[in-house]
Structures are given as structure tokens and as C-alpha cells.
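Single-structure report; data block below.
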There are 2 protein chains.
Amino acid sequence: MREQFQRLLRRAADGSWRRIPSYRRGLEHLPEVQQMVVGPVTGPGPRLFLRNLDTEGAGFEYAIFLHASGHRTQCLCQLGPYLEGHHGFTHGGAIATLIDTTVGTCALAVAKTSVMTAKLSISYLAPMPVGAVVMADSRLERHEGRKIFLSCCVRDTKGDTLYAEATALFIQVEDTKPPPAACP
Amino acid sequence: MREQFQRLLRRAADGSWRRIPSYRRGLEHLPEVQQMVVGPVTGPGPRLFLRNLDTEGAGFEYAIFLHASGHRTQCLCQLGPYLEGHHGFTHGGAIATLIDTTVGTCALAVAKTSVMTAKLSISYLAPMPVGAVVMADSRLERHEGRKIFLSCCVRDTKGDTLYAEATALFIQVEDTKPPPAACP
């Protein structure tokens, strides 16, 4: 994975791609995106779902890269042993989480406001072993008003195995207002 | 949540519903389901994705109930603060994980062999605050050969808010063989 990561970092050196830094919560990684205002969060210490494990290598180890066009994201991810579904295989929900995060980051870059997932349709094409290092590759398909349509493929880093394909619809949330009770 | 849980437990007393016990890994909770055979898992301590946090109340706190028909499951779940996406709201991937688990348990009961998620399509209808207690309600729609089609709704426990609707396709994995390289 380190070699792949270094290759992606080198690719970012010419400004065509940008690495989204790691973060524990929220949207601080895309300062150009207007923040959604919500009420204070009660209870102890909310944490970003993908960053909620302290054991290194156990969960999602990932880095997201945004293309200069703002219309494409690539997420290099190792899916650790704490993401298991069937014995030895990654949980379908963990793969959905990786996809939602990758397309969601692309949608944020497109919208430049907060976005919410409205639809997510995933085809699981091959079982993914725990410990797999994969690349989720997402791109904007079209942008109609507040609707942002995207697609995503998840492959092993050699590109030999296509683990999953997905389409997604995100809805822009108006600048500083709280999210709607129901997204259309 | 405790009151809801007690109500569900009482409902199970007449045998019409059965609680699926908590577990850390795999399918031990449905002894009638034939286990899929895979190679030995390397690396330290795999854990079920939904049970990988030790901090009580931080992640998925859930109990699954299977209807006597074997064609319906209900999952009562509190989505803790470590499942955050947007500030204050549950990550779309965490909701997908809850749905995949609920429909997957139903598919297992229908198939009585291992099953793999083949398709999952989710409509996110309302943002779900972290800490929400919800009910995921899944049922068999039809069973055609190795294909098991299911649906799922996720509501707050009063039934006032419909957070998500989903359809799913699971594929039966033949008894003791390893899973196919690609599910149809």
C-alpha cells in the first residue's frame, strides 16, 4: 500500500491532484466548502465513522485524492480485520462506507456547500478479503440544480479485480441552513 | 431504547419472534445455516464490523429479531456518536451497514446457507442524528433460485420519521464451497 500511496503523492506534485488530509471529524479538509450549521452535538466525543478505531491497521486506513477539476476523487484504502462480515471477508457495509465517503468527497468539491447522500446503489461483484488494499475511483456524472450524480468503481490496486460498482445521488444543502427534514 | 427492547423481548416470548444473540464474528447465531468455508484469516483478531468498538454506546448498539416465518427481521439499533458523518449526523455508510446487516440476517434465514450481498440500493430520506434509536424492518420480497430479494425500511421507534428505504439482492453461496470470484 505504501508504494501505491507514494505513487499517488508523486502524482499530486504537479497540482493535478490534491490530497485531502486526514481528519477526525467533519469537513475541515475542504475549506472552500461552506459548513452546514446544526445544533450542538450532545454526548461524549463524536468521531468520524471511518476514523473511530485507534488500533492502527484495524479499520479503514485511507487517503483521498481530489483531481484538479474537482470532478473526480480517488481513495486508496486498506480494509482492516475489524471490518469483517463473513469470516475472512469485508462487510458489505464497510464497502458501502468507503464508496459513500469517496463519492461524497467528490460531491462536496462539486457543490462547494454541504451535501447529503440521497441515493446509493451498489453492485457487489466479488468478495473482498479483509486486509485488501483497494482503490475507489469516483467521478461526477452530472450536476442538475441541487442534485449531483456520481459513479464509483472499487478495484484492487493492480486493477485485476472489480469488487464493486456504484451510482450515487447527493443533494446540496443550502449554505448555512440546517438540513431539510427529508431530502427529495 | 431499553423500553423498546423489553417490548420486543416480550413479543418473542410466544415464539413468533426469536432474538438473534449478540456475537463478535460470523454466523454462529444461526446454527441452521451452513457455514461457508474460506481459507484461514491471517493477521491479528478479525472482528465483526458492527462489534469492533469496545466503548459502550459509541457505535452500533443493536439487537436483531427474526420472525418465526424466517421471512422478516427487525433490528433495534442505537447509532452512537462514533458513527458520525456530517457534524451531528450519522454517516451514510453506517446506515448502509445497519441495513445490510438486517437484510443479510433475513437472507441467511431464508437461504439456510451462506449468502453474499450482490446489490444494495438505498434512498436516504431524512438525516439521522447521531444517538438516534431506530428500527430497521426487513422482509423477503421473493426467492428465485440462488437469488433472494429483500426490502428494508429504517424508522425512528415511534414510526414518525422514515429515515431510509432500501432494496437488496443476496446470492446464496453453495454450502461448503468458497464464494465465487464474482457473484452474478
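By convention here, the chains of the C-alpha cells are called A, B, ... in the order presented, each chain's residues are numbered starting at 1, and ligands are numbered starting at 1 in the order presented.
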Contact table chain A vs chain B, cut-off 7 Å, shortest pair per residue, only C-alpha atoms, as CSV:
residue,atom,partner,partner_atom,distance
A:Gly26,CA,B:His86,CA,5.5
A:Val38,CA,B:Gly88,CA,7.0
A:Val41,CA,B:Gly88,CA,5.5
A:Gly45,CA,B:Pro81,CA,6.8
A:Pro46,CA,B:Pro81,CA,4.4
A:Arg47,CA,B:Tyr82,CA,4.5
A:Leu48,CA,B:Glu84,CA,4.8
A:Phe49,CA,B:Leu83,CA,4.2
A:Asn52,CA,B:Tyr82,CA,5.8
A:Pro81,CA,B:Pro46,CA,4.3
A:Tyr82,CA,B:Arg47,CA,4.5
A:Leu83,CA,B:Phe49,CA,4.2
A:Glu84,CA,B:Leu48,CA,4.8
A:Gly85,CA,B:Leu48,CA,5.8
A:His86,CA,B:Gly26,CA,5.5
A:His87,CA,B:Gly26,CA,5.7
A:Gly88,CA,B:Val41,CA,5.5
A:His91,CA,B:Phe49,CA,6.5
A:Gly92,CA,B:Thr117,CA,6.6
A:Gly93,CA,B:Thr97,CA,3.8
A:Ala94,CA,B:Thr97,CA,6.8
A:Ala96,CA,B:Gly93,CA,5.5
A:Thr97,CA,B:Gly93,CA,3.8
A:Asp100,CA,B:Gly93,CA,6.1
A:Thr117,CA,B:Tyr124,CA,6.5
A:Ala118,CA,B:Tyr124,CA,4.7
A:Lys119,CA,B:Ser123,CA,4.5
A:Leu120,CA,B:Ile122,CA,5.3
A:Ser121,CA,B:Ser121,CA,4.0
A:Ile122,CA,B:Leu120,CA,5.3
A:Ser123,CA,B:Lys119,CA,4.5
A:Tyr124,CA,B:Ala118,CA,4.7
A:Leu125,CA,B:Ala182,CA,5.0
A:Ala126,CA,B:Ala182,CA,4.2
A:Pro127,CA,B:Ala181,CA,6.9
A:Ala181,CA,B:Ala126,CA,5.5
A:Ala182,CA,B:Ala126,CA,4.1
A:Cys183,CA,B:Leu125,CA,5.4
Item to complete: Pick out the residues sitting within 8 Å of Arg139 (chain B), and hand them over as an NGL selection string; count only C-alpha atoms, and ignore anything fewer than 5 positions along from it in its own chain.
Response: :B and (71-73 or 103 or 106 or 150-152)
Worksheet item: Taking the backbone alone, and naming residues the way the document does, which bits of region 60-168 of chain A are alpha helix (DSSP H) by DSSP, as a list in words?
Response: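 Reading the DSSP output for region 60-168 of chain A, alpha helix (DSSP H) covers Gly92, Gly93, Ala94, Ile95, Ala96, Thr97, Leu98, Ile99, Asp100, Thr101, Thr102, Val103, Gly104, Thr105, Cys106, Ala107, Leu108, Ala109, Val110 and Ala111 of chain A.
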Practice prompt. Any chance you could list, as a list of chain:residue names, the residues in region 75-118 of chain A that come up strand (DSSP E) when DSSP is run on the backbone?
Written response: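 Here is the list: A:Cys75, A:Leu76, A:Cys77, A:Gln78, A:Leu79, A:Val115, A:Met116, A:Thr117, A:Ala118.
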Discussion item. Taking 3 positions as the minimum chain separation for residues in the same chain, which residues sit within 7 Å of Ser16 (chain B) when counting only C-alpha atoms? Answer as JSON, numbers by chain.
Written reply: {"B": [12, 67, 68]}
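Note that CA of Leu66 (chain B) and CA of Leu79 (chain B) are 20.4 Å apart.
Relative to CA of Gln172 (chain B), CA of Gly145 (chain B) is found at 8.6 Å.
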Worksheet entry | Residue among B:Thr113, B:Gln6, B:Ser69, B:Gln74 lying closest to Val173 (chain B), counting only C-alpha atoms |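 The answer is B:Thr113, which sits nearest to Val173 (chain B).
Between CA of Arg146 (chain B) and CA of Leu108 (chain B) lies a distance of 11.7 Å.
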Item to complete: Please identify all polymer residues within 10 Å of Gly159 (chain B), counting only C-alpha atoms, omitting same-chain residues fewer than 5 positions from it, and present them as a ChimeraX atom specification.
Response: /B:134-135,154
Taking all heavy atoms for each residue, export the selection above as a JSON list (two decimals), in the first residue's frame.
[["chain", "number", "residue", "atom", "x", "y", "z"],
["B", 134, "VAL", "N", -33.34, 3.65, 16.30],
["B", 134, "VAL", "CA", -34.15, 3.40, 15.10],
["B", 134, "VAL", "C", -34.51, 1.92, 15.01],
["B", 134, "VAL", "O", -33.92, 1.07, 15.68],
["B", 134, "VAL", "CB", -33.41, 3.82, 13.81],
["B", 134, "VAL", "CG1", -32.99, 5.28, 13.87],
["B", 134, "VAL", "CG2", -32.21, 2.92, 13.54],
["B", 135, "MET", "N", -35.50, 1.65, 14.17],
["B", 135, "MET", "CA", -35.87, 0.27, 13.88],
["B", 135, "MET", "C", -35.70, 0.03, 12.39],
["B", 135, "MET", "O", -36.32, 0.73, 11.57],
["B", 135, "MET", "CB", -37.34, 0.03, 14.28],
["B", 135, "MET", "CG", -37.85, -1.34, 13.91],
["B", 135, "MET", "SD", -37.14, -2.63, 14.97],
["B", 135, "MET", "CE", -38.33, -2.56, 16.31],
["B", 154, "VAL", "N", -36.06, 1.97, 7.47],
["B", 154, "VAL", "CA", -35.48, 2.37, 8.75],
["B", 154, "VAL", "C", -36.27, 3.58, 9.26],
["B", 154, "VAL", "O", -36.34, 4.61, 8.59],
["B", 154, "VAL", "CB", -33.99, 2.76, 8.63],
["B", 154, "VAL", "CG1", -33.41, 3.08, 10.00],
["B", 154, "VAL", "CG2", -33.20, 1.64, 7.96]]
